[in-house]
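Data first, discussion second: the structure below is written as structure tokens.
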Amino acid sequence: ATIKVTEHNFEPAEVKLTVTAKDITGAAVDISSKAYADYAKNPANWTQTGDVWTLNTAGMEFDIDAIYSVKLEHTDLAENAATTYTTEFVVDKTISSDVTIEYSTSIMDKVLETVTFGLYKGDVVVTVTAKDQTAGVEYFEITYTQVDGANNSNKATYTTEKLAAVQDASDKTVFTATHTIEAQARGKVSVNLIDKAGNTTGKAEEYVVVADTIAPGLEYQYTFTNDQVREYNNIFYTQGETKVKFTITEANFDLSLKAAADETVAPAPVLTVNDVAQDITWTQITGTDKWETEITLTGNDDYVIELSYTDRSTNAMATYTKEVHIDNVAPVFDVTYDNNDARNENNYKADRTATIKVTEHNFEPAEVKL
């Protein structure tokens with residue numbers, strides 16, 4: 001600070017300079033090493049130019065972080081009192097500390113290939129916090145960055161507007177702001193903040209937010225090698241090999257595959273045929289969030305296919321069930337009669353009752369033509 005006093009009969013000993021310092025909580029900051037008051041009373045520290053006296057600035061450096069209150073009073077030798085000068089200002093050269101990023105409670109946190117994924121069914125509330133002892137935090141900026149491998153159905157990278165920092169009522173050194181990342185999202189969060197003195201700092205995390213509210217979708221396609229195909233009572237009947245291609249649409253399908261290997265209950269799709277889990281591989285259709293697999297049914301049998309899937313955010317796909325009966329064995333008839341007493345080749349004097357037997361695995365009486 002530069003202090004000048006215009007006074008014909010100036011006497012430094014009559015200068016009363018009062019400097020107090022505190023932090024943002026109101027607690028006193030120790031500035032005793034500066035001795036501002038004693039420095040102002042020392043004639044050796046003043047330079048005269050006519051009636052103007054200037055206090056050398058060497059001893060008037062305010063270089064300790066604090067909120068300063070300065071009061072300057074002077075009464076000349078003739079008891080004329082100057083108008084009291086008062087001011088308050090903040091010196092803060094230190095960046096805010098203890099920057100944290102917290103998230104609303106996830107369904108689960110899953111470490112996959114050293115990266116922690118926070119899995120959410122819905123929006124994610126992000127709370128950022130920092131401490132500042134002196135000036136206080138002015139605002140936060142939160143950046144959501146879409147991670148590599150996320151498809152376009154997930155939210156693109158963006159940075160928020162300036163989020164006003166809210167001072168904690170009980171601990172005035174603590175400042176917070178919140179932001180909601182809406183589903184669908186798959187990305188990392190970082191924060192940048194600036195205090196009221198212009199000091200900036202920030203923090204970035206490797207935690208990946210996965211916010212997903214959409215249930216997986218399913219498409220299927222049947223290919224029959226034999227033209228003799230019929231659907232009856234929601235069951236396919238055919239004489240030959242049958243291929244079934246399944247396509248699941250799911251933005252975060254890859255997380256299911258990665259996690260399946262180390263969990264007792266696999267979160268990947270479960271495909272069974274006659275209650276036996278199938279060893280299948282899912283392949284992504286390039287540039288999409290669609291994944292496909294195929295199974296082949298061969299040999300005469302009644303096949304019950306079931307496919308179920310719940311994604312990592314607990315969105316459940318409607319379970320798919322279908323029966324396919326492969327049957328290339330023709331029905332066999334066996335007809336017998338209770339009266340075999342024929343006259344003149346095939347003439348019978350009494351009633352005759354026929355017994356008809358059909359040997360057929362997929363027998364349907366309505367299909368009998370008599």
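Ordering of the structure tokens sets the chain letters (A, B, ...), residue numbers begin anew at 1 in every chain, and ligands are numbered from 1 in the order given.
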
All strand (DSSP E) positions in segment 48-121 of chain A, as a ChimeraX atom specification: /A:48-49,52-55,66-74,85-91,97-103,108-112,115-120

For the residues in that selection, give me C-alpha atoms as an mmCIF file, in the first residue's frame.
```
data_model
loop_
_atom_site.group_PDB
_atom_site.id
_atom_site.type_symbol
_atom_site.label_atom_id
_atom_site.label_comp_id
_atom_site.auth_asym_id
_atom_site.auth_seq_id
_atom_site.Cartn_x
_atom_site.Cartn_y
_atom_site.Cartn_z
ATOM 1 C CA GLN A 48 8.778 14.508 2.591
ATOM 2 C CA THR A 49 7.993 16.547 -0.496
ATOM 3 C CA VAL A 52 3.227 15.826 1.384
ATOM 4 C CA TRP A 53 4.610 12.928 3.374
ATOM 5 C CA THR A 54 4.823 9.451 1.807
ATOM 6 C CA LEU A 55 5.257 6.232 3.712
ATOM 7 C CA ALA A 66 -6.159 -12.867 4.691
ATOM 8 C CA ILE A 67 -9.166 -10.586 4.687
ATOM 9 C CA TYR A 68 -7.662 -7.248 5.761
ATOM 10 C CA SER A 69 -9.284 -4.332 7.531
ATOM 11 C CA VAL A 70 -7.206 -1.139 7.427
ATOM 12 C CA LYS A 71 -7.907 1.969 9.507
ATOM 13 C CA LEU A 72 -5.757 5.114 9.295
ATOM 14 C CA GLU A 73 -6.138 8.009 11.781
ATOM 15 C CA HIS A 74 -4.030 11.147 12.296
ATOM 16 C CA TYR A 85 -9.654 6.292 6.301
ATOM 17 C CA THR A 86 -10.965 2.731 6.339
ATOM 18 C CA THR A 87 -10.950 -0.051 3.785
ATOM 19 C CA GLU A 88 -11.249 -3.808 3.559
ATOM 20 C CA PHE A 89 -9.705 -6.088 0.955
ATOM 21 C CA VAL A 90 -8.711 -9.695 0.416
ATOM 22 C CA VAL A 91 -5.326 -11.128 -0.440
ATOM 23 C CA SER A 97 -8.017 -27.232 -1.649
ATOM 24 C CA ASP A 98 -9.677 -30.582 -0.970
ATOM 25 C CA VAL A 99 -11.506 -30.679 -4.294
ATOM 26 C CA THR A 100 -13.846 -33.674 -4.396
ATOM 27 C CA ILE A 101 -16.366 -35.110 -6.846
ATOM 28 C CA GLU A 102 -19.188 -37.222 -5.443
ATOM 29 C CA TYR A 103 -22.022 -39.057 -7.144
ATOM 30 C CA MET A 108 -23.254 -50.905 -8.271
ATOM 31 C CA ASP A 109 -19.676 -49.883 -8.905
ATOM 32 C CA LYS A 110 -17.885 -52.398 -11.081
ATOM 33 C CA VAL A 111 -14.144 -52.485 -11.777
ATOM 34 C CA LEU A 112 -13.521 -53.703 -15.319
ATOM 35 C CA VAL A 115 -11.570 -48.792 -14.711
ATOM 36 C CA THR A 116 -14.428 -48.280 -12.245
ATOM 37 C CA PHE A 117 -17.863 -47.990 -13.800
ATOM 38 C CA GLY A 118 -20.722 -46.506 -11.788
ATOM 39 C CA LEU A 119 -23.933 -48.091 -13.040
ATOM 40 C CA TYR A 120 -27.156 -46.106 -12.749
#
```

DSSP-assigned alpha helix (DSSP H) members of segment 223-309 of chain A, reported as a PyMOL selection string: chain A and resi 253-260

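Residue nearest Glu7 of chain A within the list A:Glu61, A:Asp30, A:Asp76, A:Glu205: A:Asp76 [criterion: smallest interatomic distance, only C-alpha atoms].
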
Spatial neighbours of Glu231 of chain A, max dist 10 Å, only C-alpha atoms, sep filter under 4 positions, as a PyMOL selection string: chain A and resi 235-238+323-325

Who sits within 10 Å of Gly122 of chain A, only C-alpha atoms, same chain under 2 positions skipped, as a ChimeraX atom specification: /A:106,119-120,124-125,181-185,210-214,313

For Glu79 of chain A: contacts at 12 Å, only C-alpha atoms, fewer than 4 positions along chain excluded, given as a PyMOL selection string: chain A and resi 7+9-11+14+74-75

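Picture a line from atom CA of Gly299 of chain A to atom CA of Ile248 of chain A; it runs 27.0 Å.
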
Selection near segment 252-254 of chain A, 8 Å with only C-alpha atoms, sequence-local residues under 4 positions removed, as a PyMOL selection string: chain A and resi 150+258+268+289+291+311-312

Filtering to N, CA and C atoms, could you give me those residues as a PDB file, in the first residue's frame?
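The resulting file, part-v8.pdb, is reproduced below:
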```
ATOM      1  N   ALA A 150     -18.031 -45.481 -26.333  1.00  0.00           N
ATOM      2  CA  ALA A 150     -19.458 -45.180 -26.152  1.00  0.00           C
ATOM      3  C   ALA A 150     -20.054 -44.807 -27.512  1.00  0.00           C
ATOM      4  N   LYS A 258     -17.933 -57.988 -20.474  1.00  0.00           N
ATOM      5  CA  LYS A 258     -16.696 -57.908 -19.702  1.00  0.00           C
ATOM      6  C   LYS A 258     -16.900 -58.401 -18.276  1.00  0.00           C
ATOM      7  N   ALA A 268     -24.486 -61.128 -18.761  1.00  0.00           N
ATOM      8  CA  ALA A 268     -24.641 -61.198 -20.206  1.00  0.00           C
ATOM      9  C   ALA A 268     -25.929 -61.944 -20.527  1.00  0.00           C
ATOM     10  N   ASP A 289     -25.004 -50.025 -31.991  1.00  0.00           N
ATOM     11  CA  ASP A 289     -25.095 -50.616 -30.655  1.00  0.00           C
ATOM     12  C   ASP A 289     -25.872 -51.927 -30.714  1.00  0.00           C
ATOM     13  N   TRP A 291     -25.737 -56.101 -31.274  1.00  0.00           N
ATOM     14  CA  TRP A 291     -24.870 -57.257 -31.094  1.00  0.00           C
ATOM     15  C   TRP A 291     -25.648 -58.497 -31.511  1.00  0.00           C
ATOM     16  N   ASP A 311     -29.630 -55.680 -18.476  1.00  0.00           N
ATOM     17  CA  ASP A 311     -28.368 -54.969 -18.650  1.00  0.00           C
ATOM     18  C   ASP A 311     -27.772 -54.559 -17.310  1.00  0.00           C
ATOM     19  N   ARG A 312     -26.599 -53.948 -17.342  1.00  0.00           N
ATOM     20  CA  ARG A 312     -25.870 -53.639 -16.106  1.00  0.00           C
ATOM     21  C   ARG A 312     -26.580 -52.605 -15.237  1.00  0.00           C
TER      22      ARG A 312
END
```

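Residues with any atom within 7 Å of Val358 of chain A, counting only C-alpha atoms and excluding same-chain neighbours fewer than 2 positions away, are Pro331, Val332, Phe333, Asp334, Ile356 and Glu360 of chain A.
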
Wanna dump the segment 167-217 of chain A-segment 18-27 of chain A contacts at 8 Å for me, each residue with its shortest atom pair and the distance in Å to one decimal, counting only C-alpha atoms, ordered by chain and number, as a Markdown table?
```
| residue | atom | partner | partner_atom | distance |
| --- | --- | --- | --- | --- |
| A:Asp171 | CA | A:Thr25 | CA | 7.7 |
| A:Lys172 | CA | A:Thr25 | CA | 5.6 |
| A:Thr173 | CA | A:Ile24 | CA | 6.5 |
```

Would you write out those residues with C-alpha atoms, as a tab-separated table (two decimals), in the first residue's frame?
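Result file result20.tsv:
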```
chain	number	residue	atom	x	y	z
A	171	ASP	CA	-18.22	-24.64	7.80
A	172	LYS	CA	-17.72	-21.45	5.85
A	173	THR	CA	-14.54	-22.75	4.21
```

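Proximity of A:Lys93, A:Asn199, A:Thr129, A:Val270 to Asp63 of chain A, computed with only C-alpha atoms, is greatest for A:Lys93.
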
Distance of atom CA of Val189 of chain A from atom CA of Val209 of chain A, expressed in Å to one decimal place: 7.9 Å
